[in-house]
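The structure appears right after this line, and notes come after that.
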There are 2 protein chains.
Amino acid sequence: VRRELSRGLNFNRPSPLEVHCAEQFLAMIGRADMVKFTKDGSTADTAAVKLARAYTGRKRVALCADHPFFSYDDWFIGTTGVPGGTLPEDVSFTSTFRYNDLASLQAVFDRHPGEIACVMLEAERNVPPAPGFLHRVQALARAHGALLVLDEMITGFRWDRAGAAQVHDLTPDLSTWGKALANGFALSALAGRRDVMELGGIRDARERVFTLSTTHGAESVGLVAAQATMNVYAQEPVIEHLYRQGARLRAGLQQAAVAAGVADRFTISGRDCALFYGTLDHEGQPSQPMRTLLLQEILRRGILAPSFMVSYSHSDADIDYTIDAVAAALPTYRRALEAGSTAGLLVGPPVKPVYRRFN
Amino acid sequence: VRRELSRGLNFNRPSPLEVHCAEQFLAMIGRADMVKFTKDGSTADTAAVKLARAYTGRKRVALCADHPFFSYDDWFIGTTGVPGGTLPEDVSFTSTFRYNDLASLQAVFDRHPGEIACVMLEAERNVPPAPGFLHRVQALARAHGALLVLDEMITGFRWDRAGAAQVHDLTPDLSTWGKALANGFALSALAGRRDVMELGGIRDARERVFTLSTTHGAESVGLVAAQATMNVYAQEPVIEHLYRQGARLRAGLQQAAVAAGVADRFTISGRDCALFYGTLDHEGQPSQPMRTLLLQEILRRGILAPSFMVSYSHSDADIDYTIDAVAAALPTYRRALEAGSTAGLLVGPPVKPVYRRFN
């Protein structure tokens with residue numbers, strides 16, 4: 001990025017850099033013919049919906065309700081607990097189904113025959129897919145003429161260099177990428193089948209789609225950062241490191257939970273490369289106060305962790321430090337469980353869920 | 001940017017950098033209480049619509065049809081010649097009016113009483129506002145309980161450090177900014193009145209709005225680039241330079257057009273700080289082939305100019321070089337006018353309008 005800064009960063013016309021980055025990206029992820037770069041995940045997912053609507057001539061989106069975030073745009077955010085400012089007429093074209101519940105997706109197709117433009121989900125989050133689930137989702141989508149859109153924002157460059165699609169040997173029609181792609185620099189991507197993506201291009205005979213057109217989507221900083229990041233992925237054992245450190249972290253956290261006698265109330269889920277944690281109260285219910293108490297107690301010890309995503313920078317010492325911080329926090333967590341309350345233990349108000357209608 | 005790169009660039013929580021950049025931005029533009037940063041103009045304009053809908057409890061947008069681009073999202077792009085993939089149910093809530101035609105805006109309010117959430121326009125493009133037009137638009141919006149959203153993507157940091165709002169002494173309820181703000185680095189901004197913006201915050205008692213939440217909206221590169229850019233605006237005569245060089249360019253181009261005998265067919269419009277050009281055919285109609293011919297002939301001479309926007313980097317020599325390139329191109333342009341056709345003069349197909357349904 002430093003080197004590129006002196007070469008100019010935002011041009012009137014597409015630069016070779018954009019082509020080179022696209023080629024490198026497509027070679028790394030496989031399973032896609034074309035890619036369009038943008039700046040954030042929301043815009044990539046919304047563009048996927050637009051392309052799917054144009055390709056199928058249909059309006060409705062079937063969305064996995066167990067995956068927490070796809071876009072701040074109406075078609076998604078209107079289905080959450082924060083629909084303020086969205087158009088109900090737009091939101092009404094989104095239907096939801098449950099992860100690992102093929103019947104719930106079948107029900108969406110049954111309720112709206114010939115109306116589903118695409119099925120959108122992450123490959124996996126806290127819970128692994130039931131055997132065959134992802135391929136059955138794809139088969140169901142295909143049988144009904146709908147596209148499969150895989151959101152790889154978190155899984156991409158983490159589950160595998162080529163994302164969760166590679167892990168599960170799944171080839172979605174469209175996929176969206178970001179986060180690790182440029183290692184913190186601003187870049188996201190919409191990738192997919194040529195015959196779908198070409199709708200947004202200048203060579204196709206079908207009706208055009210104004211997919212994405214941005215002033216900054218192809219500025220050099222994001223593109224060269226992605227190239228440098230992909231070079232590291234190609235040459236170094238990034239993915240192996242994530243799984244190894246994640247496994248160490250999971251084992252240490254679970255051991256600490258057992259030692260503190262809270263293993264059924266402080267739970268670790270997800271793949272080793274992307275760990276989530278659950279904070280349950282004395283009755284076993286997910287609890288924001290208990291979550292806040294854990295956050296507070298590990299923050300006291302220098303750890304800020306809304307989840308336990310490891311990175312390629314995390315050394316053994318970092319992992320050990322994290323485990324020690326959690327281990328030191330858990331006795332306080334246990335006191336709250338035993339008291340049946342966090343009263344007197346929290347220094348501030350409990351954290352609130354993201355999707356709340358009021359503050 | 002180089003210096004900031006070593007300090008980390010994307011954090012789990014908002015950084016002081018975001019606050020400092022917000023304070024500097026608000027001090028520079030005045031006329032706004034709060035700002036939210038994002039990456040591109042489309043996302044800022046769409047967020048303005050969402051906030052306006054939430055604030056007013058209404059759905060409809062009144063949009064100036066003479067301003068070419070507000071967003072790739074359905075509510076705008078569906079009103080253009082490229083509606084492919086958009087939801088008609090969404091697009092149906094956008095009404096359009098004409099610039100400098102207050103009656104056309106009045107007609108929108110008359111057709112949809114109590115339904116207009118916001119009026120959105122640029123302050124000025126090719127044509128200056130008729131005396132009082134902008135303030136009458138604002139008064140009309142206010143009288144009907146609608147918000148005024150001013151798109152300052154092009155005018156901001158160009159008409160004036162504080163945008164076209166400052167030039168016209170207009171205080172919109174919301175405004176959107178980008179492009180020159182970070183001098184080519186990726187940053188855009190949604191600014192506005194506190195009581196509207198707070199709907200997207202965590203301190204308000206009203207129903208919340210999930211305005212914008214992005215992984216990359218506040219990464220350091222864009223923010224420090226904006227800060228550095230604003231420092232230059234504060235300390236150096238950037239705006240004066242743009243007007244001076246633009247005036248020289250306009251005078252030179254018009255002189256060249258007169259000399260070539262094509263002054264009524266190759267026209268310059270806009271403010272000196274942001275010049276546009278028109279390419280008319282032998283019958284005086286806007287012509288894509290004639291535009292292509294001009295682009296081709298100046299490109300031969302090293303000038304790529306979809307418009308004639310000057311920048312702070314443009315020296316007298318650059319301006320003279322541009323004028324000379326156009327002057328050298330105009331005899332060919334005149335031949336086409338005299339022939340009534342570009343036949344035999346174009347080396348490729350004519351450029352196509354952006355908003356076309358088919359390629």
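Identifiers for the structure tokens are assigned positionally: chains receive A, B, ... in sequence, residues are indexed from 1 per chain, and ligands are indexed from 1 in the order shown.
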
- Message: Please identify the strand (DSSP E or B) residues within segment 246-340 of chain B (assignment by DSSP from backbone atoms) and present them as a PyMOL selection string.
- Response: chain B and resi 266-269+275-280+286+308

Interface rows for chain A against chain B: nearest pair, Å to one decimal, 6 Å, only C-alpha atoms, as a Markdown table:
| residue | atom | partner | partner_atom | distance |
| --- | --- | --- | --- | --- |
| A:Asn10 | CA | B:Gly184 | CA | 5.5 |
| A:Lys50 | CA | B:Gly85 | CA | 4.7 |
| A:Leu51 | CA | B:Gly85 | CA | 6.0 |
| A:Arg53 | CA | B:Gly85 | CA | 4.9 |
| A:Ala54 | CA | B:Gly85 | CA | 4.0 |
| A:Gly84 | CA | B:Val209 | CA | 4.7 |
| A:Gly85 | CA | B:Ala54 | CA | 4.0 |
| A:Asp90 | CA | B:Asp90 | CA | 5.7 |
| A:Gly184 | CA | B:Asn10 | CA | 5.5 |
| A:Ala186 | CA | B:His216 | CA | 5.1 |
| A:Ile202 | CA | B:Asn359 | CA | 5.9 |
| A:Glu207 | CA | B:Phe358 | CA | 5.1 |
| A:Arg208 | CA | B:Phe358 | CA | 5.5 |
| A:Val209 | CA | B:Gly84 | CA | 4.7 |
| A:His216 | CA | B:Ala186 | CA | 5.1 |
| A:Arg357 | CA | B:Arg208 | CA | 5.6 |
| A:Phe358 | CA | B:Glu207 | CA | 5.1 |
| A:Asn359 | CA | B:Ile202 | CA | 5.9 |

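Using only C-alpha atoms, the smallest distance between any of B:Ala189, B:Leu299, B:Leu294, B:Ala139 and Pro350 of chain B comes from B:Leu294.
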
- Just the residues within 10 Å of Tyr99 of chain A, please, counting only C-alpha atoms, with nothing from its chain fewer than 3 positions along; format it as a PyMOL selection string. chain A and resi 63-67+96+102+104-105+121-125+127-130+133-134+137

- Query: Among segment 18-179 of chain B, which residues carry a DSSP assignment of helix (DSSP H, G or I), reported as a ChimeraX atom specification?
  - Reply: /B:18-29,41-56,74-77,88-91,102-111,133-143,163-167,179

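Rounded to one decimal, atom CA of Ile298 of chain A and atom CA of Val326 of chain A lie 5.9 Å from each other.
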
- Message: Please list as JSON, numbers by chain every residue within 12 Å of Ser269 of chain A, counting only C-alpha atoms and excluding residues in the same chain fewer than 5 positions away.
- Response: {"A": [124, 125, 126, 127, 128, 246, 247, 249, 250, 251, 253, 254, 274, 275, 276, 277, 278, 279, 307, 308, 309]}

So that I can check the surroundings of His144 of chain B, please list as a PDB file with N, CA, C and O atoms, in the first residue's frame every protein, DNA and RNA residue that reaches within 9 Å of it, counting only C-alpha atoms and ignoring chain neighbours fewer than 6 positions away.
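New file part_27.pdb:
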ATOM      1  N   PHE B 109     -46.066  17.377  -4.456  1.00  0.00           N
ATOM      2  CA  PHE B 109     -46.720  17.495  -3.147  1.00  0.00           C
ATOM      3  C   PHE B 109     -48.242  17.419  -3.290  1.00  0.00           C
ATOM      4  O   PHE B 109     -48.926  16.835  -2.447  1.00  0.00           O
ATOM      5  N   PRO B 113     -50.308  14.197  -1.051  1.00  0.00           N
ATOM      6  CA  PRO B 113     -50.360  15.018   0.172  1.00  0.00           C
ATOM      7  C   PRO B 113     -49.999  14.210   1.418  1.00  0.00           C
ATOM      8  O   PRO B 113     -50.483  13.081   1.598  1.00  0.00           O
ATOM      9  N   GLY B 114     -49.104  14.788   2.218  1.00  0.00           N
ATOM     10  CA  GLY B 114     -48.706  14.133   3.465  1.00  0.00           C
ATOM     11  C   GLY B 114     -47.869  12.885   3.287  1.00  0.00           C
ATOM     12  O   GLY B 114     -47.688  12.115   4.225  1.00  0.00           O
ATOM     13  N   GLU B 115     -47.344  12.667   2.072  1.00  0.00           N
ATOM     14  CA  GLU B 115     -46.610  11.414   1.820  1.00  0.00           C
ATOM     15  C   GLU B 115     -45.122  11.599   1.550  1.00  0.00           C
ATOM     16  O   GLU B 115     -44.384  10.627   1.470  1.00  0.00           O
ATOM     17  N   ILE B 116     -44.681  12.832   1.372  1.00  0.00           N
ATOM     18  CA  ILE B 116     -43.286  13.050   0.962  1.00  0.00           C
ATOM     19  C   ILE B 116     -42.361  13.103   2.181  1.00  0.00           C
ATOM     20  O   ILE B 116     -42.479  13.998   3.024  1.00  0.00           O
TER      21      ILE B 116
END

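Here atom CA of Leu280 of chain B stands at a distance of 19.1 Å from atom CA of Gly252 of chain B.
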
- Length of the atom CA of Val224 of chain A to atom CA of Asp318 of chain A vector [Å]: 28.4 Å

- Message: So that I can check the surroundings of Thr155 of chain B, please list as a PyMOL selection string every protein, DNA and RNA residue that reaches within 7 Å of it, counting only C-alpha atoms and ignoring chain neighbours fewer than 4 positions away.
- Response: chain B and resi 159+163-164

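Proximity of B:Ala180, B:Ala165, B:Met197, B:Leu330 to His135 of chain B, computed with only C-alpha atoms, is greatest for B:Ala165.
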